[in-house]
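Data first, discussion second: the structure below is written as structure tokens.
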Amino acid sequence: MFNSLTGTITGKFPQKVFLMTNGIEWDLTVPDSNIEKISSVGETGKIYTYLQHSDQGMCLFGFASVSDRNLFFDLLKVDGIGPKAAVKIMGSISTVELARVLDEGDVGRLEKVPGVGKKTAGKILLQLKGKLTLDSGDSTSSGKSVSAYQDVVQALVDMGYDKSKVQGAIDRISRELSNDESFASSSQSQKEDLIFKRAIVELAS
């Protein structure tokens, strides 16, 4: 079976991306957290895939990186979580934050994820704590946004903030700002300053 598709992005919607390859337009179900990581409409993009084949038909799932797809597979190992539920969970919590939540045993944070109740949160913690398959070997994983702002990470850690929480905050903030044209046109120092200020507010709340 195919590992990925590369072509022109023709549409981006909540939990959905259209990709054109050689005259075929693919309809992929994609976690909302991955949508902004994928190339803009009209540009060439690469999407890692998983094809679900069931009695109800076939559904093609897409992910911005191997790391994100690995997280999807990890979630499928949890009893009661199917592909659509996994996509919904991934759309509500980043890979970095989920790793932190599992490391800290933060069941309360898991329970706040849409579609995850107390029982399912307990199952996720039991099944996945210390077992997430995050080493993707590709350059498009969520860790990319964090590595671009290592000076900001270190500055916040030096101020006494927990490193995993800092990385989770910076990952979220940088992804939120990725589609902001004014942010994209800013210098690296201006980007770092803005992310630092927003991270301080988030971490202090």
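Chain labels run A, B, ... following the order of the structure tokens; each chain numbers its residues from 1, and ligands are numbered from 1 in the order shown.
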Name the residues of chain A that come out as strand (DSSP E or B) in a backbone DSSP run; write them as a PyMOL selection string. chain A and resi 4-13+16-21+24-29+44-54+57-63
Just-selected residues, N, CA, C and O atoms written as a compact mmCIF listing (two decimals), in the first residue's frame:
```
# COMPACT_ATOMS: atom_id res chain seq x y z
N SER A 4 2.64 7.64 1.17
CA SER A 4 2.34 9.07 1.13
C SER A 4 1.89 9.47 -0.27
O SER A 4 2.06 8.73 -1.23
N LEU A 5 1.32 10.68 -0.35
CA LEU A 5 0.90 11.25 -1.62
C LEU A 5 1.51 12.65 -1.74
O LEU A 5 1.49 13.41 -0.77
N THR A 6 2.03 12.96 -2.93
CA THR A 6 2.58 14.28 -3.18
C THR A 6 1.88 14.88 -4.39
O THR A 6 1.78 14.24 -5.44
N GLY A 7 1.37 16.08 -4.23
CA GLY A 7 0.66 16.72 -5.33
C GLY A 7 0.27 18.14 -4.96
O GLY A 7 0.84 18.73 -4.04
N THR A 8 -0.71 18.68 -5.66
CA THR A 8 -1.16 20.04 -5.42
C THR A 8 -2.31 20.06 -4.42
O THR A 8 -3.29 19.33 -4.59
N ILE A 9 -2.19 20.87 -3.40
CA ILE A 9 -3.26 21.02 -2.42
C ILE A 9 -4.37 21.83 -3.07
O ILE A 9 -4.17 22.98 -3.49
N THR A 10 -5.56 21.26 -3.18
CA THR A 10 -6.67 21.95 -3.87
C THR A 10 -7.77 22.40 -2.92
O THR A 10 -8.68 23.12 -3.32
N GLY A 11 -7.69 22.00 -1.66
CA GLY A 11 -8.70 22.44 -0.70
C GLY A 11 -8.32 22.08 0.72
O GLY A 11 -7.75 21.01 0.96
N LYS A 12 -8.62 22.98 1.66
CA LYS A 12 -8.35 22.73 3.08
C LYS A 12 -9.57 23.15 3.88
O LYS A 12 -10.02 24.29 3.78
N PHE A 13 -10.12 22.22 4.63
CA PHE A 13 -11.34 22.45 5.40
C PHE A 13 -11.17 21.80 6.77
O PHE A 13 -10.21 21.07 7.01
N LYS A 16 -10.34 18.03 6.84
CA LYS A 16 -10.35 17.53 5.46
C LYS A 16 -9.38 18.32 4.58
O LYS A 16 -9.27 19.53 4.68
N VAL A 17 -8.67 17.58 3.72
CA VAL A 17 -7.78 18.19 2.74
C VAL A 17 -7.99 17.49 1.40
O VAL A 17 -8.12 16.27 1.34
N PHE A 18 -8.04 18.28 0.32
CA PHE A 18 -8.10 17.72 -1.03
C PHE A 18 -6.71 17.86 -1.65
O PHE A 18 -6.07 18.91 -1.56
N LEU A 19 -6.27 16.79 -2.31
CA LEU A 19 -4.95 16.76 -2.93
C LEU A 19 -5.05 16.19 -4.33
O LEU A 19 -5.60 15.10 -4.53
N MET A 20 -4.54 16.93 -5.33
CA MET A 20 -4.60 16.50 -6.73
C MET A 20 -3.27 15.87 -7.15
O MET A 20 -2.21 16.48 -7.01
N THR A 21 -3.34 14.62 -7.65
CA THR A 21 -2.16 13.95 -8.18
C THR A 21 -2.50 13.31 -9.52
O THR A 21 -3.37 12.45 -9.60
N ILE A 24 -6.11 12.94 -10.43
CA ILE A 24 -6.96 12.34 -9.39
C ILE A 24 -6.96 13.25 -8.16
O ILE A 24 -5.90 13.60 -7.64
N GLU A 25 -8.16 13.64 -7.72
CA GLU A 25 -8.25 14.47 -6.52
C GLU A 25 -8.63 13.59 -5.33
O GLU A 25 -9.70 13.00 -5.29
N TRP A 26 -7.71 13.51 -4.38
CA TRP A 26 -7.90 12.67 -3.20
C TRP A 26 -8.60 13.46 -2.09
O TRP A 26 -8.31 14.62 -1.86
N ASP A 27 -9.51 12.79 -1.40
CA ASP A 27 -10.24 13.36 -0.27
C ASP A 27 -9.68 12.71 0.99
O ASP A 27 -9.91 11.53 1.24
N LEU A 28 -8.92 13.47 1.78
CA LEU A 28 -8.27 12.92 2.96
C LEU A 28 -8.84 13.51 4.25
O LEU A 28 -9.04 14.71 4.36
N THR A 29 -9.10 12.64 5.21
CA THR A 29 -9.52 13.08 6.54
C THR A 29 -8.26 13.38 7.34
O THR A 29 -7.40 12.50 7.50
N THR A 44 2.44 22.74 -3.79
CA THR A 44 2.73 21.32 -3.76
C THR A 44 2.94 20.88 -2.31
O THR A 44 3.62 21.55 -1.54
N GLY A 45 2.32 19.78 -1.94
CA GLY A 45 2.45 19.29 -0.58
C GLY A 45 2.58 17.78 -0.53
O GLY A 45 2.19 17.08 -1.48
N LYS A 46 3.14 17.28 0.56
CA LYS A 46 3.28 15.85 0.78
C LYS A 46 2.48 15.47 2.02
O LYS A 46 2.62 16.10 3.06
N ILE A 47 1.63 14.47 1.88
CA ILE A 47 0.79 14.03 2.98
C ILE A 47 1.00 12.54 3.21
O ILE A 47 0.90 11.73 2.28
N TYR A 48 1.30 12.17 4.45
CA TYR A 48 1.47 10.76 4.81
C TYR A 48 0.09 10.17 5.05
O TYR A 48 -0.80 10.82 5.61
N THR A 49 -0.11 8.92 4.64
CA THR A 49 -1.46 8.39 4.57
C THR A 49 -1.68 7.09 5.35
O THR A 49 -0.73 6.37 5.68
N TYR A 50 -2.95 6.83 5.58
CA TYR A 50 -3.40 5.55 6.13
C TYR A 50 -4.77 5.26 5.53
O TYR A 50 -5.68 6.10 5.58
N LEU A 51 -4.93 4.10 4.94
CA LEU A 51 -6.19 3.72 4.32
C LEU A 51 -6.94 2.74 5.21
O LEU A 51 -6.44 1.65 5.52
N GLN A 52 -8.12 3.16 5.65
CA GLN A 52 -8.97 2.28 6.45
C GLN A 52 -9.97 1.60 5.51
O GLN A 52 -10.69 2.25 4.77
N HIS A 53 -10.02 0.28 5.58
CA HIS A 53 -10.95 -0.49 4.75
C HIS A 53 -11.85 -1.30 5.68
O HIS A 53 -11.38 -2.18 6.40
N SER A 54 -13.14 -0.99 5.69
CA SER A 54 -14.08 -1.67 6.57
C SER A 54 -15.34 -2.04 5.80
O SER A 54 -15.46 -1.74 4.60
N GLY A 57 -16.99 0.78 4.05
CA GLY A 57 -16.32 1.41 2.93
C GLY A 57 -14.87 1.72 3.23
O GLY A 57 -14.29 1.18 4.18
N MET A 58 -14.28 2.62 2.45
CA MET A 58 -12.89 3.01 2.65
C MET A 58 -12.79 4.48 3.00
O MET A 58 -13.58 5.30 2.52
N CYS A 59 -11.81 4.80 3.83
CA CYS A 59 -11.56 6.19 4.21
C CYS A 59 -10.05 6.41 4.23
O CYS A 59 -9.31 5.62 4.81
N LEU A 60 -9.61 7.47 3.57
CA LEU A 60 -8.19 7.77 3.50
C LEU A 60 -7.86 8.88 4.50
O LEU A 60 -8.42 9.98 4.43
N PHE A 61 -6.97 8.58 5.42
CA PHE A 61 -6.56 9.54 6.43
C PHE A 61 -5.21 10.13 6.05
O PHE A 61 -4.34 9.43 5.50
N GLY A 62 -5.01 11.41 6.33
CA GLY A 62 -3.76 12.07 5.99
C GLY A 62 -3.13 12.76 7.17
O GLY A 62 -3.83 13.23 8.09
N PHE A 63 -1.79 12.88 7.14
CA PHE A 63 -1.05 13.47 8.25
C PHE A 63 0.12 14.29 7.71
O PHE A 63 0.71 13.95 6.68
```
Tell me, counting only C-alpha atoms, for each residue of range 152-183 of chain A within 9 Å of range 94-107 of chain A, which pair of atoms is nearest and how far apart they are in Å to one decimal, in rows ordered by chain and increasing number, as CSV.
```
residue,atom,partner,partner_atom,distance
A:Ser164,CA,A:Arg100,CA,6.0
A:Lys165,CA,A:Arg100,CA,7.1
A:Gln167,CA,A:Val96,CA,7.2
A:Gly168,CA,A:Glu97,CA,5.0
A:Ala169,CA,A:Glu97,CA,8.0
A:Asp171,CA,A:Val96,CA,7.3
A:Arg172,CA,A:Ser94,CA,7.2
```
Using only C-alpha atoms, which protein or nucleic acid residues come within 12 Å of range 121-130 of chain A? Drop anything in the same chain fewer than 2 positions from it, and give the result as a ChimeraX atom specification. /A:71-81,86,89,98-119,132-134
For N, CA, C and O atoms, I'd like the residues from the last selection saved as a compact mmCIF listing (two decimals), in the first residue's frame.
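New file selection33.txt:
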```
# COMPACT_ATOMS: atom_id res chain seq x y z
N LEU A 71 1.46 8.92 16.03
CA LEU A 71 0.58 9.21 17.15
C LEU A 71 -0.82 8.65 16.89
O LEU A 71 -1.46 8.09 17.78
N PHE A 72 -1.29 8.80 15.67
CA PHE A 72 -2.59 8.25 15.26
C PHE A 72 -2.62 6.74 15.49
O PHE A 72 -3.57 6.21 16.09
N PHE A 73 -1.57 6.05 15.06
CA PHE A 73 -1.50 4.60 15.27
C PHE A 73 -1.46 4.25 16.75
O PHE A 73 -2.06 3.26 17.18
N ASP A 74 -0.74 5.05 17.53
CA ASP A 74 -0.68 4.80 18.98
C ASP A 74 -2.07 4.92 19.60
O ASP A 74 -2.46 4.10 20.45
N LEU A 75 -2.82 5.93 19.20
CA LEU A 75 -4.17 6.12 19.75
C LEU A 75 -5.09 4.96 19.38
O LEU A 75 -5.97 4.59 20.16
N LEU A 76 -4.87 4.38 18.21
CA LEU A 76 -5.71 3.25 17.78
C LEU A 76 -5.48 2.02 18.65
O LEU A 76 -6.33 1.11 18.68
N LYS A 77 -4.37 1.98 19.37
CA LYS A 77 -4.08 0.85 20.25
C LYS A 77 -4.94 0.87 21.51
O LYS A 77 -5.07 -0.14 22.20
N VAL A 78 -5.53 2.03 21.81
CA VAL A 78 -6.34 2.18 23.02
C VAL A 78 -7.74 1.63 22.76
O VAL A 78 -8.40 2.01 21.79
N ASP A 79 -8.17 0.75 23.62
CA ASP A 79 -9.49 0.13 23.49
C ASP A 79 -10.58 1.20 23.45
O ASP A 79 -10.65 2.07 24.33
N GLY A 80 -11.42 1.15 22.42
CA GLY A 80 -12.53 2.08 22.32
C GLY A 80 -12.26 3.29 21.45
O GLY A 80 -13.17 4.08 21.18
N ILE A 81 -11.01 3.47 20.99
CA ILE A 81 -10.67 4.60 20.12
C ILE A 81 -10.48 4.10 18.69
O ILE A 81 -9.58 3.33 18.40
N ALA A 86 -9.66 9.10 16.96
CA ALA A 86 -8.25 9.46 17.06
C ALA A 86 -7.98 10.80 16.37
O ALA A 86 -7.24 11.65 16.89
N ILE A 89 -9.31 13.58 18.57
CA ILE A 89 -8.43 13.81 19.72
C ILE A 89 -7.19 14.59 19.28
O ILE A 89 -6.78 15.56 19.92
N LEU A 98 0.43 16.22 24.33
CA LEU A 98 -0.03 14.90 24.75
C LEU A 98 1.09 14.13 25.42
O LEU A 98 0.87 13.46 26.44
N ALA A 99 2.30 14.24 24.88
CA ALA A 99 3.44 13.56 25.50
C ALA A 99 3.66 14.09 26.91
O ALA A 99 3.93 13.32 27.84
N ARG A 100 3.54 15.41 27.08
CA ARG A 100 3.71 16.01 28.40
C ARG A 100 2.62 15.54 29.36
O ARG A 100 2.89 15.17 30.51
N VAL A 101 1.39 15.54 28.87
CA VAL A 101 0.24 15.13 29.70
C VAL A 101 0.41 13.69 30.18
O VAL A 101 0.16 13.38 31.35
N LEU A 102 0.87 12.83 29.28
CA LEU A 102 1.07 11.43 29.64
C LEU A 102 2.21 11.28 30.64
O LEU A 102 2.11 10.53 31.61
N ASP A 103 3.29 12.01 30.42
CA ASP A 103 4.44 11.94 31.33
C ASP A 103 4.05 12.37 32.74
O ASP A 103 4.52 11.81 33.73
N GLU A 104 3.18 13.38 32.81
CA GLU A 104 2.78 13.92 34.11
C GLU A 104 1.56 13.21 34.70
O GLU A 104 1.16 13.49 35.83
N GLY A 105 0.96 12.30 33.91
CA GLY A 105 -0.23 11.61 34.39
C GLY A 105 -1.40 12.54 34.59
O GLY A 105 -2.24 12.35 35.50
N ASP A 106 -1.49 13.56 33.76
CA ASP A 106 -2.52 14.60 33.89
C ASP A 106 -3.85 14.13 33.28
O ASP A 106 -4.23 14.53 32.18
N VAL A 107 -4.56 13.30 34.02
CA VAL A 107 -5.84 12.76 33.54
C VAL A 107 -6.85 13.88 33.33
O VAL A 107 -7.66 13.84 32.40
N GLY A 108 -6.81 14.89 34.18
CA GLY A 108 -7.74 16.01 34.07
C GLY A 108 -7.66 16.70 32.73
O GLY A 108 -8.68 17.08 32.15
N ARG A 109 -6.44 16.89 32.20
CA ARG A 109 -6.27 17.53 30.90
C ARG A 109 -6.82 16.63 29.80
O ARG A 109 -7.46 17.12 28.86
N LEU A 110 -6.60 15.34 29.92
CA LEU A 110 -7.13 14.41 28.92
C LEU A 110 -8.66 14.43 28.89
O LEU A 110 -9.27 14.34 27.83
N GLU A 111 -9.26 14.54 30.06
CA GLU A 111 -10.72 14.54 30.14
C GLU A 111 -11.34 15.76 29.46
O GLU A 111 -12.51 15.75 29.09
N LYS A 112 -10.54 16.83 29.30
CA LYS A 112 -11.04 18.04 28.66
C LYS A 112 -11.02 17.94 27.13
O LYS A 112 -11.59 18.79 26.45
N VAL A 113 -10.35 16.93 26.61
CA VAL A 113 -10.30 16.74 25.16
C VAL A 113 -11.66 16.24 24.69
O VAL A 113 -12.19 15.27 25.23
N PRO A 114 -12.29 16.91 23.69
CA PRO A 114 -13.59 16.48 23.20
C PRO A 114 -13.61 15.01 22.81
O PRO A 114 -12.73 14.53 22.10
N GLY A 115 -14.61 14.29 23.30
CA GLY A 115 -14.74 12.88 22.97
C GLY A 115 -14.01 11.95 23.90
O GLY A 115 -14.08 10.73 23.76
N VAL A 116 -13.29 12.53 24.88
CA VAL A 116 -12.56 11.71 25.84
C VAL A 116 -13.15 11.92 27.24
O VAL A 116 -12.99 12.98 27.82
N GLY A 117 -13.80 10.93 27.75
CA GLY A 117 -14.34 11.01 29.10
C GLY A 117 -13.35 10.48 30.10
O GLY A 117 -12.21 10.16 29.77
N LYS A 118 -13.80 10.35 31.33
CA LYS A 118 -12.92 9.89 32.40
C LYS A 118 -12.41 8.49 32.15
O LYS A 118 -11.22 8.20 32.34
N LYS A 119 -13.28 7.60 31.68
CA LYS A 119 -12.90 6.22 31.44
C LYS A 119 -11.86 6.11 30.31
O LYS A 119 -10.84 5.42 30.45
N LEU A 132 4.69 6.45 23.56
CA LEU A 132 4.39 7.12 22.31
C LEU A 132 5.52 6.94 21.30
O LEU A 132 6.70 7.04 21.66
N THR A 133 5.16 6.69 20.04
CA THR A 133 6.14 6.51 18.98
C THR A 133 6.34 7.84 18.28
O THR A 133 5.72 8.13 17.26
N LEU A 134 7.21 8.69 18.85
CA LEU A 134 7.35 10.05 18.34
C LEU A 134 8.54 10.25 17.43
O LEU A 134 8.65 11.26 16.76
```
Check the DSSP output for the backbone and give back, as a ChimeraX atom specification, the residues of chain A in helix (DSSP H, G or I). /A:32-35,66-76,83-90,95-104,107-111,118-128,143-147,150-158,163-177,181-184,188-204
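CA of Val66 in chain A is found 18.9 Å from CA of Ala85 in chain A.
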Nearest residue to Val201 in chain A out of A:Gly42, A:Glu36, A:Ile173, A:Ser186, using only C-alpha atoms? A:Ile173
